[in-house]
$ cat upload-v3.pdb   # PDB, C-alpha atoms
MODEL        1
ATOM      1  CA  MET A   1      32.045 -17.659  18.104
ATOM      2  CA  ALA A   2      33.131 -14.303  19.453
ATOM      3  CA  LEU A   3      34.077 -11.677  16.893
ATOM      4  CA  GLN A   4      37.239  -9.982  18.116
ATOM      5  CA  TRP A   5      37.279  -6.213  17.676
ATOM      6  CA  GLY A   6      40.054  -3.680  17.521
ATOM      7  CA  ILE A   7      39.164  -0.031  18.117
ATOM      8  CA  VAL A   8      40.999   2.745  16.299
ATOM      9  CA  SER A   9      40.410   6.143  17.947
ATOM     10  CA  THR A  10      39.559   7.144  21.486
ATOM     11  CA  GLY A  11      37.163   9.973  20.654
ATOM     12  CA  CYS A  12      33.547  10.455  21.699
ATOM     13  CA  ILE A  13      32.003   8.246  19.030
ATOM     14  CA  ALA A  14      34.483   5.441  19.728
ATOM     15  CA  HIS A  15      33.560   5.666  23.406
ATOM     16  CA  ASP A  16      29.866   5.356  22.533
ATOM     17  CA  PHE A  17      30.437   2.454  20.146
ATOM     18  CA  VAL A  18      32.438   0.496  22.721
ATOM     19  CA  THR A  19      29.877   1.237  25.444
ATOM     20  CA  ALA A  20      27.104   0.000  23.157
ATOM     21  CA  LEU A  21      29.083  -3.092  22.165
ATOM     22  CA  LYS A  22      29.555  -4.118  25.803
ATOM     23  CA  ALA A  23      25.794  -4.689  26.101
ATOM     24  CA  LEU A  24      26.043  -7.595  23.647
ATOM     25  CA  PRO A  25      26.899 -11.186  24.667
ATOM     26  CA  GLN A  26      30.622 -11.680  25.300
ATOM     27  CA  ASP A  27      30.572 -14.970  23.439
ATOM     28  CA  GLU A  28      29.615 -12.984  20.325
ATOM     29  CA  HIS A  29      31.662  -9.765  20.630
ATOM     30  CA  GLN A  30      34.962  -9.130  22.380
ATOM     31  CA  ILE A  31      37.143  -6.014  22.273
ATOM     32  CA  VAL A  32      40.777  -7.082  22.425
ATOM     33  CA  ALA A  33      42.703  -3.908  21.591
ATOM     34  CA  VAL A  34      42.475  -0.144  21.213
ATOM     35  CA  ALA A  35      44.885   2.221  19.460
ATOM     36  CA  ALA A  36      45.381   5.970  19.562
ATOM     37  CA  ARG A  37      47.997   8.395  18.337
ATOM     38  CA  SER A  38      49.302   8.680  21.903
ATOM     39  CA  LEU A  39      49.836   5.745  24.236
ATOM     40  CA  SER A  40      48.443   7.664  27.207
ATOM     41  CA  ASN A  41      45.101   8.196  25.465
ATOM     42  CA  ALA A  42      44.952   4.548  24.463
ATOM     43  CA  GLU A  43      45.778   3.383  27.994
ATOM     44  CA  LYS A  44      43.192   5.694  29.544
ATOM     45  CA  PHE A  45      40.522   4.450  27.126
ATOM     46  CA  ALA A  46      41.522   0.827  27.703
ATOM     47  CA  LYS A  47      41.281   1.269  31.475
ATOM     48  CA  THR A  48      37.865   2.936  31.226
ATOM     49  CA  HIS A  49      36.478   0.160  29.039
ATOM     50  CA  GLU A  50      38.452  -2.803  30.434
ATOM     51  CA  ILE A  51      40.175  -3.500  27.109
ATOM     52  CA  PRO A  52      43.196  -5.792  27.573
ATOM     53  CA  THR A  53      45.629  -4.123  25.159
ATOM     54  CA  ALA A  54      46.405  -0.457  24.423
ATOM     55  CA  TYR A  55      48.584   0.557  21.493
ATOM     56  CA  GLU A  56      50.323   3.716  20.392
ATOM     57  CA  GLY A  57      49.840   3.928  16.644
ATOM     58  CA  TYR A  58      47.276   2.289  14.426
ATOM     59  CA  GLU A  59      49.665  -0.156  12.757
ATOM     60  CA  ASN A  60      49.852  -2.176  15.953
ATOM     61  CA  VAL A  61      46.152  -3.000  15.723
ATOM     62  CA  ALA A  62      46.592  -3.875  12.057
ATOM     63  CA  LYS A  63      49.372  -6.315  12.991
ATOM     64  CA  ASP A  64      47.625  -7.836  16.026
ATOM     65  CA  PRO A  65      46.726 -11.440  15.067
ATOM     66  CA  ARG A  66      43.832 -11.534  17.524
ATOM     67  CA  VAL A  67      41.938  -8.694  15.842
ATOM     68  CA  GLN A  68      39.428  -9.811  13.211
ATOM     69  CA  VAL A  69      37.515  -6.591  12.603
ATOM     70  CA  VAL A  70      38.401  -2.966  13.247
ATOM     71  CA  TYR A  71      36.084  -0.115  14.131
ATOM     72  CA  ILE A  72      37.577   3.119  12.761
ATOM     73  CA  GLY A  73      36.450   6.412  14.290
ATOM     74  CA  VAL A  74      39.346   8.724  13.420
ATOM     75  CA  LEU A  75      39.036  12.211  11.889
ATOM     76  CA  ASN A  76      37.593  12.427   8.367
ATOM     77  CA  PRO A  77      40.884  12.960   6.460
ATOM     78  CA  GLN A  78      42.313   9.760   7.977
ATOM     79  CA  HIS A  79      39.434   7.452   7.081
ATOM     80  CA  HIS A  80      40.771   6.142   3.794
ATOM     81  CA  GLU A  81      44.352   5.911   5.054
ATOM     82  CA  VAL A  82      43.529   3.917   8.183
ATOM     83  CA  ALA A  83      40.981   1.719   6.391
ATOM     84  CA  THR A  84      43.618   0.954   3.750
ATOM     85  CA  LEU A  85      46.124  -0.017   6.459
ATOM     86  CA  MET A  86      43.658  -2.396   8.076
ATOM     87  CA  LEU A  87      42.558  -4.011   4.822
ATOM     88  CA  GLN A  88      46.162  -4.515   3.709
ATOM     89  CA  ASN A  89      46.701  -6.447   6.931
ATOM     90  CA  GLY A  90      43.684  -8.687   6.500
ATOM     91  CA  LYS A  91      41.225  -6.987   8.850
ATOM     92  CA  HIS A  92      37.520  -6.536   8.229
ATOM     93  CA  VAL A  93      36.407  -2.927   8.707
ATOM     94  CA  LEU A  94      33.511  -0.916  10.095
ATOM     95  CA  LEU A  95      34.340   2.637   9.000
ATOM     96  CA  GLU A  96      32.669   5.709  10.457
ATOM     97  CA  LYS A  97      30.877   8.018   8.087
ATOM     98  CA  PRO A  98      31.743   9.770   5.886
ATOM     99  CA  PHE A  99      33.480   6.760   4.350
ATOM    100  CA  ALA A 100      36.148   9.019   2.807
ATOM    101  CA  LEU A 101      36.549  12.685   1.886
ATOM    102  CA  ASN A 102      35.428  12.146  -1.703
ATOM    103  CA  GLU A 103      34.187   9.598  -4.220
ATOM    104  CA  LYS A 104      37.661   8.915  -5.631
ATOM    105  CA  LEU A 105      39.037   7.797  -2.270
ATOM    106  CA  THR A 106      35.826   5.913  -1.477
ATOM    107  CA  ARG A 107      36.185   3.826  -4.622
ATOM    108  CA  LYS A 108      39.853   3.113  -3.889
ATOM    109  CA  VAL A 109      39.095   1.734  -0.428
ATOM    110  CA  LEU A 110      36.173  -0.366  -1.661
ATOM    111  CA  GLU A 111      38.234  -1.773  -4.506
ATOM    112  CA  LEU A 112      40.955  -2.790  -2.062
ATOM    113  CA  ALA A 113      38.403  -4.522   0.172
ATOM    114  CA  LYS A 114      37.099  -6.394  -2.870
ATOM    115  CA  THR A 115      40.609  -7.433  -3.891
ATOM    116  CA  GLN A 116      41.339  -8.638  -0.348
ATOM    117  CA  ASN A 117      37.926 -10.359  -0.081
ATOM    118  CA  LEU A 118      37.263  -8.575   3.208
ATOM    119  CA  PHE A 119      34.097  -7.152   4.709
ATOM    120  CA  ILE A 120      33.779  -3.374   4.918
ATOM    121  CA  MET A 121      30.808  -1.150   5.707
ATOM    122  CA  GLU A 122      30.145   2.532   6.253
ATOM    123  CA  ALA A 123      28.789   2.941   9.785
ATOM    124  CA  ILE A 124      25.343   4.284   8.904
ATOM    125  CA  TRP A 125      23.898   2.883  12.115
ATOM    126  CA  THR A 126      20.542   4.602  11.649
ATOM    127  CA  ARG A 127      19.340   1.964   9.198
ATOM    128  CA  PHE A 128      19.683  -0.867  11.723
ATOM    129  CA  ILE A 129      17.632   0.800  14.465
ATOM    130  CA  PRO A 130      14.185  -0.786  15.133
ATOM    131  CA  VAL A 131      12.222   2.254  13.889
ATOM    132  CA  PHE A 132      13.999   2.117  10.550
ATOM    133  CA  GLN A 133      13.530  -1.627  10.307
ATOM    134  CA  ASP A 134       9.787  -0.997  10.667
ATOM    135  CA  VAL A 135       9.855   1.810   8.116
ATOM    136  CA  ARG A 136      11.733  -0.398   5.645
ATOM    137  CA  GLN A 137       8.926  -2.957   5.914
ATOM    138  CA  LEU A 138       6.301  -0.253   5.384
ATOM    139  CA  LEU A 139       8.080   0.999   2.276
ATOM    140  CA  ASP A 140       8.569  -2.478   0.846
ATOM    141  CA  SER A 141       5.035  -3.668   1.595
ATOM    142  CA  GLY A 142       3.325  -0.820  -0.267
ATOM    143  CA  VAL A 143       1.245   0.186   2.761
ATOM    144  CA  LEU A 144       2.144   3.829   2.137
ATOM    145  CA  GLY A 145       1.331   3.627  -1.560
ATOM    146  CA  GLU A 146       3.634   5.315  -4.029
ATOM    147  CA  ILE A 147       6.128   7.474  -2.167
ATOM    148  CA  ARG A 148       6.069  11.044  -3.473
ATOM    149  CA  PHE A 149       7.811  13.114  -0.802
ATOM    150  CA  ALA A 150      10.507  12.796   1.848
ATOM    151  CA  SER A 151      11.960  15.436   4.128
ATOM    152  CA  ALA A 152      14.505  15.544   6.949
ATOM    153  CA  THR A 153      16.327  18.160   8.995
ATOM    154  CA  PHE A 154      19.419  17.829  11.158
ATOM    155  CA  GLY A 155      20.512  20.925  13.039
ATOM    156  CA  VAL A 156      22.674  21.064  16.167
ATOM    157  CA  ILE A 157      24.876  23.865  17.491
ATOM    158  CA  VAL A 158      28.356  22.421  16.938
ATOM    159  CA  GLY A 159      29.767  24.918  14.456
ATOM    160  CA  ASP A 160      32.664  25.845  16.756
ATOM    161  CA  VAL A 161      33.947  22.268  17.001
ATOM    162  CA  ASP A 162      37.332  22.049  15.251
ATOM    163  CA  ARG A 163      36.628  18.862  13.299
ATOM    164  CA  ILE A 164      33.557  20.526  11.793
ATOM    165  CA  LYS A 165      34.771  24.063  11.158
ATOM    166  CA  GLN A 166      38.340  23.455   9.984
ATOM    167  CA  LYS A 167      38.931  22.473   6.364
ATOM    168  CA  ALA A 168      42.243  20.797   7.223
ATOM    169  CA  LEU A 169      40.332  18.388   9.475
ATOM    170  CA  GLY A 170      37.795  17.559   6.787
ATOM    171  CA  GLY A 171      35.294  19.968   8.302
ATOM    172  CA  SER A 172      31.904  20.179   6.608
ATOM    173  CA  SER A 173      28.334  20.160   7.843
ATOM    174  CA  ILE A 174      27.311  17.995   4.892
ATOM    175  CA  LEU A 175      29.985  15.384   5.684
ATOM    176  CA  ASP A 176      29.439  15.414   9.427
ATOM    177  CA  ILE A 177      25.678  15.599   9.916
ATOM    178  CA  GLY A 178      24.330  16.181   6.419
ATOM    179  CA  ILE A 179      25.136  12.619   5.462
ATOM    180  CA  TYR A 180      22.285  11.551   7.737
ATOM    181  CA  VAL A 181      19.670  13.482   5.765
ATOM    182  CA  LEU A 182      21.242  12.370   2.476
ATOM    183  CA  GLN A 183      21.181   8.706   3.423
ATOM    184  CA  PHE A 184      17.608   9.078   4.659
ATOM    185  CA  GLN A 185      16.218  10.112   1.302
ATOM    186  CA  GLN A 186      18.441   7.477  -0.328
ATOM    187  CA  PHE A 187      16.846   4.926   2.000
ATOM    188  CA  VAL A 188      13.374   6.108   0.968
ATOM    189  CA  PHE A 189      13.966   6.363  -2.793
ATOM    190  CA  ARG A 190      16.322   3.380  -2.936
ATOM    191  CA  GLY A 191      17.535   2.555  -6.422
ATOM    192  CA  LEU A 192      16.343   5.780  -8.042
ATOM    193  CA  LYS A 193      18.632   8.377  -9.584
ATOM    194  CA  PRO A 194      17.659  12.043  -9.223
ATOM    195  CA  GLU A 195      16.923  14.116 -12.302
ATOM    196  CA  LYS A 196      18.111  17.257 -10.560
ATOM    197  CA  ILE A 197      19.840  18.289  -7.340
ATOM    198  CA  ALA A 198      19.441  21.915  -6.223
ATOM    199  CA  VAL A 199      21.826  23.154  -3.534
ATOM    200  CA  ALA A 200      21.978  26.288  -1.392
ATOM    201  CA  GLY A 201      24.007  27.027   1.700
ATOM    202  CA  HIS A 202      26.396  29.143   3.721
ATOM    203  CA  LEU A 203      30.116  28.911   4.476
ATOM    204  CA  ASN A 204      32.031  29.858   7.604
ATOM    205  CA  GLU A 205      35.059  32.152   7.673
ATOM    206  CA  GLN A 206      37.313  29.212   6.737
ATOM    207  CA  GLY A 207      35.324  28.398   3.637
ATOM    208  CA  VAL A 208      33.613  25.345   5.107
ATOM    209  CA  ASP A 209      29.872  24.759   4.750
ATOM    210  CA  ASN A 210      27.967  25.223   7.993
ATOM    211  CA  ALA A 211      24.395  25.254   6.637
ATOM    212  CA  VAL A 212      23.097  23.417   3.579
ATOM    213  CA  SER A 213      19.677  22.853   2.019
ATOM    214  CA  ILE A 214      19.133  20.434  -0.847
ATOM    215  CA  ILE A 215      16.197  19.497  -3.068
ATOM    216  CA  PHE A 216      16.312  16.182  -4.919
ATOM    217  CA  THR A 217      13.929  15.849  -7.853
ATOM    218  CA  TYR A 218      13.245  12.249  -8.886
ATOM    219  CA  PRO A 219      11.289  10.802 -11.802
ATOM    220  CA  GLY A 220       7.593  10.192 -11.170
ATOM    221  CA  HIS A 221       6.761  13.361  -9.258
ATOM    222  CA  LYS A 222       8.992  12.380  -6.327
ATOM    223  CA  THR A 223      10.842  14.983  -4.242
ATOM    224  CA  ALA A 224      13.155  15.063  -1.244
ATOM    225  CA  VAL A 225      13.790  18.261   0.749
ATOM    226  CA  LEU A 226      16.733  18.214   3.158
ATOM    227  CA  SER A 227      18.507  20.637   5.485
ATOM    228  CA  CYS A 228      21.457  20.477   7.835
ATOM    229  CA  ASP A 229      22.904  23.249   9.977
ATOM    230  CA  VAL A 230      25.630  23.388  12.647
ATOM    231  CA  THR A 231      24.736  26.894  13.853
ATOM    232  CA  VAL A 232      21.132  26.356  15.032
ATOM    233  CA  GLU A 233      18.925  23.557  16.311
ATOM    234  CA  LEU A 234      16.407  22.332  13.725
ATOM    235  CA  PRO A 235      13.324  20.129  14.332
ATOM    236  CA  ASN A 236      15.440  17.023  13.601
ATOM    237  CA  GLU A 237      12.455  15.069  12.336
ATOM    238  CA  ALA A 238      11.816  13.170   9.123
ATOM    239  CA  ILE A 239       8.678  12.658   7.036
ATOM    240  CA  ILE A 240       7.709  10.193   4.313
ATOM    241  CA  VAL A 241       4.527  10.845   2.347
ATOM    242  CA  GLY A 242       2.945   8.303   0.050
ATOM    243  CA  THR A 243      -0.314   8.208  -1.866
ATOM    244  CA  LYS A 244      -1.838   6.004   0.865
ATOM    245  CA  GLY A 245      -0.178   7.152   4.045
ATOM    246  CA  THR A 246       2.372   9.192   5.954
ATOM    247  CA  VAL A 247       5.166   8.278   8.336
ATOM    248  CA  LYS A 248       6.714  10.830  10.690
ATOM    249  CA  ILE A 249       9.921   9.837  12.445
ATOM    250  CA  SER A 250      10.452  11.568  15.763
ATOM    251  CA  SER A 251      13.493  13.560  16.866
ATOM    252  CA  PRO A 252      16.288  12.668  16.695
ATOM    253  CA  PHE A 253      15.279  11.013  13.412
ATOM    254  CA  TRP A 254      18.739   9.437  12.948
ATOM    255  CA  ALA A 255      18.408   7.610  16.291
ATOM    256  CA  PRO A 256      14.653   7.530  16.952
ATOM    257  CA  LEU A 257      12.637   5.689  19.561
ATOM    258  CA  SER A 258       9.238   6.194  17.915
ATOM    259  CA  TYR A 259       7.340   7.148  14.772
ATOM    260  CA  THR A 260       3.780   7.773  13.739
ATOM    261  CA  LEU A 261       1.926   5.984  10.957
ATOM    262  CA  ASN A 262      -1.021   8.082   9.781
ATOM    263  CA  GLY A 263      -1.035   9.798  13.171
ATOM    264  CA  GLU A 264      -0.833   6.617  15.258
ATOM    265  CA  LEU A 265       2.174   6.520  17.583
ATOM    266  CA  LYS A 266       4.465   3.496  17.353
ATOM    267  CA  GLU A 267       7.112   3.197  20.068
ATOM    268  CA  LYS A 268      10.213   1.115  19.353
ATOM    269  CA  PRO A 269      12.621   0.891  22.291
ATOM    270  CA  ILE A 270      16.314   0.154  21.793
ATOM    271  CA  PHE A 271      18.813  -1.888  23.796
ATOM    272  CA  LYS A 272      18.844  -1.132  27.493
ATOM    273  CA  ASN A 273      22.254   0.149  28.438
ATOM    274  CA  GLU A 274      23.220   1.863  31.681
ATOM    275  CA  GLY A 275      26.496   3.167  30.279
ATOM    276  CA  ARG A 276      27.375   6.823  29.785
ATOM    277  CA  PHE A 277      26.998   8.096  26.219
ATOM    278  CA  ASN A 278      28.025  11.295  24.451
ATOM    279  CA  PHE A 279      25.324  11.293  21.778
ATOM    280  CA  TRP A 280      21.576  10.687  21.659
ATOM    281  CA  ASN A 281      20.501   7.049  21.924
ATOM    282  CA  SER A 282      23.965   5.712  21.142
ATOM    283  CA  ALA A 283      23.079   2.388  22.746
ATOM    284  CA  ALA A 284      21.564   1.650  19.333
ATOM    285  CA  LEU A 285      25.066   1.505  17.829
ATOM    286  CA  ALA A 286      25.002  -2.133  18.922
ATOM    287  CA  TYR A 287      22.577  -3.056  16.131
ATOM    288  CA  GLN A 288      25.122  -2.384  13.407
ATOM    289  CA  ALA A 289      27.725  -4.436  15.279
ATOM    290  CA  ILE A 290      25.325  -7.388  15.285
ATOM    291  CA  GLU A 291      24.934  -7.072  11.517
ATOM    292  CA  VAL A 292      28.687  -6.793  10.992
ATOM    293  CA  ARG A 293      29.220 -10.061  12.861
ATOM    294  CA  LYS A 294      26.435 -11.781  10.957
ATOM    295  CA  SER A 295      27.833 -10.666   7.601
ATOM    296  CA  ILE A 296      31.377 -11.768   8.446
ATOM    297  CA  LEU A 297      30.256 -15.178   9.712
ATOM    298  CA  GLU A 298      28.302 -15.648   6.490
ATOM    299  CA  GLY A 299      31.397 -14.842   4.454
ATOM    300  CA  LYS A 300      29.946 -11.647   2.984
ATOM    301  CA  THR A 301      32.032  -8.629   1.990
ATOM    302  CA  GLU A 302      29.164  -6.134   2.280
ATOM    303  CA  ASN A 303      25.828  -5.732   4.027
ATOM    304  CA  SER A 304      22.670  -5.218   1.979
ATOM    305  CA  THR A 305      21.364  -2.563   4.387
ATOM    306  CA  VAL A 306      24.355  -0.304   3.638
ATOM    307  CA  PRO A 307      25.611  -1.662   0.302
ATOM    308  CA  HIS A 308      28.795  -0.425  -1.303
ATOM    309  CA  GLU A 309      26.981   1.112  -4.266
ATOM    310  CA  GLU A 310      25.062   3.376  -1.892
ATOM    311  CA  THR A 311      28.260   4.387  -0.104
ATOM    312  CA  ILE A 312      29.667   5.417  -3.493
ATOM    313  CA  GLN A 313      26.459   7.268  -4.337
ATOM    314  CA  LEU A 314      26.562   9.186  -1.053
ATOM    315  CA  ALA A 315      30.190  10.175  -1.672
ATOM    316  CA  ALA A 316      29.344  11.379  -5.184
ATOM    317  CA  TRP A 317      26.419  13.453  -3.921
ATOM    318  CA  MET A 318      28.562  15.046  -1.213
ATOM    319  CA  ASP A 319      31.204  15.862  -3.836
ATOM    320  CA  GLN A 320      28.548  17.534  -5.985
ATOM    321  CA  ILE A 321      27.107  19.485  -3.052
ATOM    322  CA  ARG A 322      30.514  20.718  -1.922
ATOM    323  CA  LYS A 323      31.358  21.715  -5.489
ATOM    324  CA  GLU A 324      28.143  23.738  -5.746
ATOM    325  CA  LEU A 325      29.053  25.530  -2.516
ATOM    326  CA  GLY A 326      32.714  26.013  -3.401
ATOM    327  CA  VAL A 327      34.134  23.764  -0.679
ATOM    328  CA  VAL A 328      37.280  22.070  -2.016
ATOM    329  CA  PHE A 329      39.631  19.760  -0.095
ATOM    330  CA  SER A 330      43.244  19.255  -1.106
ATOM    331  CA  VAL A 331      42.509  15.616  -2.007
ATOM    332  CA  ASP A 332      39.947  16.809  -4.571
ATOM    333  CA  ILE A 333      42.680  18.299  -6.737
ATOM    334  CA  GLU A 334      45.450  15.751  -6.201
TER
ENDMDL
END
$ encode --input "upload-v3.pdb" --output "structure tokens"
Amino acid sequence: MALQWGIVSTGCIAHDFVTALKALPQDEHQIVAVAARSLSNAEKFAKTHEIPTAYEGYENVAKDPRVQVVYIGVLNPQHHEVATLMLQNGKHVLLEKPFALNEKLTRKVLELAKTQNLFIMEAIWTRFIPVFQDVRQLLDSGVLGEIRFASATFGVIVGDVDRIKQKALGGSSILDIGIYVLQFQQFVFRGLKPEKIAVAGHLNEQGVDNAVSIIFTYPGHKTAVLSCDVTVELPNEAIIVGTKGTVKISSPFWAPLSYTLNGELKEKPIFKNEGRFNFWNSAALAYQAIEVRKSILEGKTENSTVPHEETIQLAAWMDQIRKELGVVFSVDIE
């Protein structure tokens, strides 16, 4: 049975998601509609991607009886609002990260999904990529021994992009790219709660964080060291060190094609896709779509790879980090 998708947003990430989705079998995934704030943008996107219906306004997708699940790639401040609209109209949701601007809004959206008995997931696509599936097995099998250290960096020069630098647009390096390093150490130390979180960083002229470093201290001599920066390019690699072995995930660690286990290279190719993409290895966005379909067909409201409790935990950590840096959104004080 084909899962019928609606797409909300016509931005770069939506383009990449749709391009990735088209590599999957049509009897499993079909895109039936796209919506944008302007009809012209929706029509242009629909023509580019051969989508049958283009809508002006997101409510039209919410009301479309053909649409079963909606991919939401709008700007950060709109995430909770658009997700709420879709859930209220009976649609399952794949919501781009960050799930919402803060923990309060995150919990509200998740509670609504629970009440409606609908599937919703934060689009942390990294965890579904073949390299990370291998690493999950290594962590669970004990091959690496007791994990003591994890580190990741994500630095790209995008500090002048409006959606990142402007507070009114939900700008924040920690929300935009920092969530990748946060979820990485969460993935490694799954289920553990840190004893201490130390934060340092810098703000731009609008009072938005553009460089952040964080140290997580966990029980049992376990530590995670993370950095994100939108003003310089960092190594963009990740490391996991255990008492019996070390894994190094190659750049870009959030969308990798290889890793090393104790120095031995392991290559893990992703879906072949001849389409044009805006971001590194975006063809791998298809893996999360496969899991969304599987979860919905099984009648699940969440996926164990990106469970709701971890989405809440990520939101709470980002709240704490922003508070330490003095970055406050209007929704934080409402």
$ residues_around --input "upload-v3.pdb" --residues "range 251-254 of chain A" --least-positions-apart "4" --cutoff "6 Å" --atoms "all atoms listed in the file" --output "ChimeraX atom specification"
/A:126,236-238
$ atom_distance --input "upload-v3.pdb" --atom1 "CA of Asp209 in chain A" --atom2 "CA of Pro77 in chain A"
16.2 Å
$ atom_distance --input "upload-v3.pdb" --atom1 "CA of Asn303 in chain A" --atom2 "CA of Pro194 in chain A"
23.6 Å
$ closest_residue --input "upload-v3.pdb" --among "A:Gly201, A:Gly220, A:Pro98, A:Gly73" --to "Gly171 in chain A" --atoms "only C-alpha atoms"
A:Pro98
$ closest_residue --input "upload-v3.pdb" --among "A:Ile164, A:Val32, A:Val18, A:Ala42" --to "Arg66 in chain A" --atoms "all atoms listed in the file"
A:Val32
$ residues_near_point --input "upload-v3.pdb" --point "(19.3, 24.0, -3.0)" --cutoff "8 Å" --atoms "all atoms listed in the file" --output "JSON, numbers by chain"
{"A": [197, 198, 199, 200, 201, 212, 213, 214, 215]}
$ write_last_selection --input "upload-v3.pdb" --atoms "C-alpha atoms" --output "compact mmCIF listing (two decimals), in the frame of the given file"
# COMPACT_ATOMS: atom_id res chain seq x y z
CA ILE A 197 19.84 18.29 -7.34
CA ALA A 198 19.44 21.92 -6.22
CA VAL A 199 21.83 23.15 -3.53
CA ALA A 200 21.98 26.29 -1.39
CA GLY A 201 24.01 27.03 1.70
CA VAL A 212 23.10 23.42 3.58
CA SER A 213 19.68 22.85 2.02
CA ILE A 214 19.13 20.43 -0.85
CA ILE A 215 16.20 19.50 -3.07
$ resolve_selection --input "upload-v3.pdb" --expression "the PyMOL selection byres ((chain A and resi 229) around 6)" --output "list in words"
Gly155, Asn210, Ala211, Cys228, Val230 and Thr231 of chain A
$ write_last_selection --input "upload-v3.pdb" --atoms "C-alpha atoms" --output "tab-separated table (two decimals), in the coordinates of the input"
chain	number	residue	atom	x	y	z
A	155	GLY	CA	20.51	20.92	13.04
A	210	ASN	CA	27.97	25.22	7.99
A	211	ALA	CA	24.40	25.25	6.64
A	228	CYS	CA	21.46	20.48	7.84
A	230	VAL	CA	25.63	23.39	12.65
A	231	THR	CA	24.74	26.89	13.85
$ residues_around --input "upload-v3.pdb" --residues "Lys294 in chain A" --least-positions-apart "6" --cutoff "12 Å" --atoms "all atoms listed in the file" --output "CSV table (one decimal) with C-alpha atoms, in the coordinates of the input"
chain,number,residue,atom,x,y,z
A,1,MET,CA,32.0,-17.7,18.1
A,2,ALA,CA,33.1,-14.3,19.5
A,3,LEU,CA,34.1,-11.7,16.9
A,28,GLU,CA,29.6,-13.0,20.3
A,29,HIS,CA,31.7,-9.8,20.6
A,119,PHE,CA,34.1,-7.2,4.7
A,287,TYR,CA,22.6,-3.1,16.1
A,288,GLN,CA,25.1,-2.4,13.4
A,300,LYS,CA,29.9,-11.6,3.0
A,301,THR,CA,32.0,-8.6,2.0
A,302,GLU,CA,29.2,-6.1,2.3
A,303,ASN,CA,25.8,-5.7,4.0
A,304,SER,CA,22.7,-5.2,2.0
$ closest_residue --input "upload-v3.pdb" --among "A:Val82, A:Val61, A:Val135, A:Ile129" --to "Pro256 in chain A" --atoms "all atoms listed in the file"
A:Ile129
$ closest_residue --input "upload-v3.pdb" --among "A:Ala283, A:Ile177, A:Leu314, A:Ala152" --to "Arg190 in chain A" --atoms "only C-alpha atoms"
A:Leu314
$ build_atoms --input "upload-v3.pdb" --residues "range 305-314 of chain A" --atoms "N, CA, C and O atoms" --output "PDB file, in the coordinates of the input"
ATOM      1  N   THR A 305      22.014  -3.743   3.817  1.00  0.00           N
ATOM      2  CA  THR A 305      21.364  -2.563   4.387  1.00  0.00           C
ATOM      3  C   THR A 305      22.151  -1.297   4.089  1.00  0.00           C
ATOM      4  O   THR A 305      21.570  -0.216   3.924  1.00  0.00           O
ATOM      5  N   VAL A 306      23.482  -1.415   4.031  1.00  0.00           N
ATOM      6  CA  VAL A 306      24.355  -0.304   3.638  1.00  0.00           C
ATOM      7  C   VAL A 306      25.302  -0.831   2.550  1.00  0.00           C
ATOM      8  O   VAL A 306      26.495  -1.038   2.801  1.00  0.00           O
ATOM      9  N   PRO A 307      24.790  -1.071   1.359  1.00  0.00           N
ATOM     10  CA  PRO A 307      25.611  -1.662   0.302  1.00  0.00           C
ATOM     11  C   PRO A 307      26.666  -0.687  -0.224  1.00  0.00           C
ATOM     12  O   PRO A 307      26.531   0.526  -0.107  1.00  0.00           O
ATOM     13  N   HIS A 308      27.696  -1.240  -0.800  1.00  0.00           N
ATOM     14  CA  HIS A 308      28.795  -0.425  -1.303  1.00  0.00           C
ATOM     15  C   HIS A 308      28.355   0.583  -2.356  1.00  0.00           C
ATOM     16  O   HIS A 308      28.849   1.713  -2.397  1.00  0.00           O
ATOM     17  N   GLU A 309      27.419   0.186  -3.218  1.00  0.00           N
ATOM     18  CA  GLU A 309      26.981   1.112  -4.266  1.00  0.00           C
ATOM     19  C   GLU A 309      26.319   2.353  -3.677  1.00  0.00           C
ATOM     20  O   GLU A 309      26.414   3.452  -4.240  1.00  0.00           O
ATOM     21  N   GLU A 310      25.685   2.214  -2.528  1.00  0.00           N
ATOM     22  CA  GLU A 310      25.062   3.376  -1.892  1.00  0.00           C
ATOM     23  C   GLU A 310      26.105   4.232  -1.177  1.00  0.00           C
ATOM     24  O   GLU A 310      25.948   5.456  -1.091  1.00  0.00           O
ATOM     25  N   THR A 311      27.148   3.618  -0.673  1.00  0.00           N
ATOM     26  CA  THR A 311      28.260   4.387  -0.104  1.00  0.00           C
ATOM     27  C   THR A 311      28.913   5.238  -1.184  1.00  0.00           C
ATOM     28  O   THR A 311      29.232   6.414  -0.964  1.00  0.00           O
ATOM     29  N   ILE A 312      29.098   4.662  -2.372  1.00  0.00           N
ATOM     30  CA  ILE A 312      29.667   5.417  -3.493  1.00  0.00           C
ATOM     31  C   ILE A 312      28.726   6.544  -3.905  1.00  0.00           C
ATOM     32  O   ILE A 312      29.162   7.674  -4.166  1.00  0.00           O
ATOM     33  N   GLN A 313      27.444   6.258  -3.957  1.00  0.00           N
ATOM     34  CA  GLN A 313      26.459   7.268  -4.337  1.00  0.00           C
ATOM     35  C   GLN A 313      26.452   8.431  -3.350  1.00  0.00           C
ATOM     36  O   GLN A 313      26.409   9.604  -3.756  1.00  0.00           O
ATOM     37  N   LEU A 314      26.514   8.135  -2.065  1.00  0.00           N
ATOM     38  CA  LEU A 314      26.562   9.186  -1.053  1.00  0.00           C
ATOM     39  C   LEU A 314      27.802  10.056  -1.231  1.00  0.00           C
ATOM     40  O   LEU A 314      27.729  11.290  -1.152  1.00  0.00           O
TER      41      LEU A 314
END
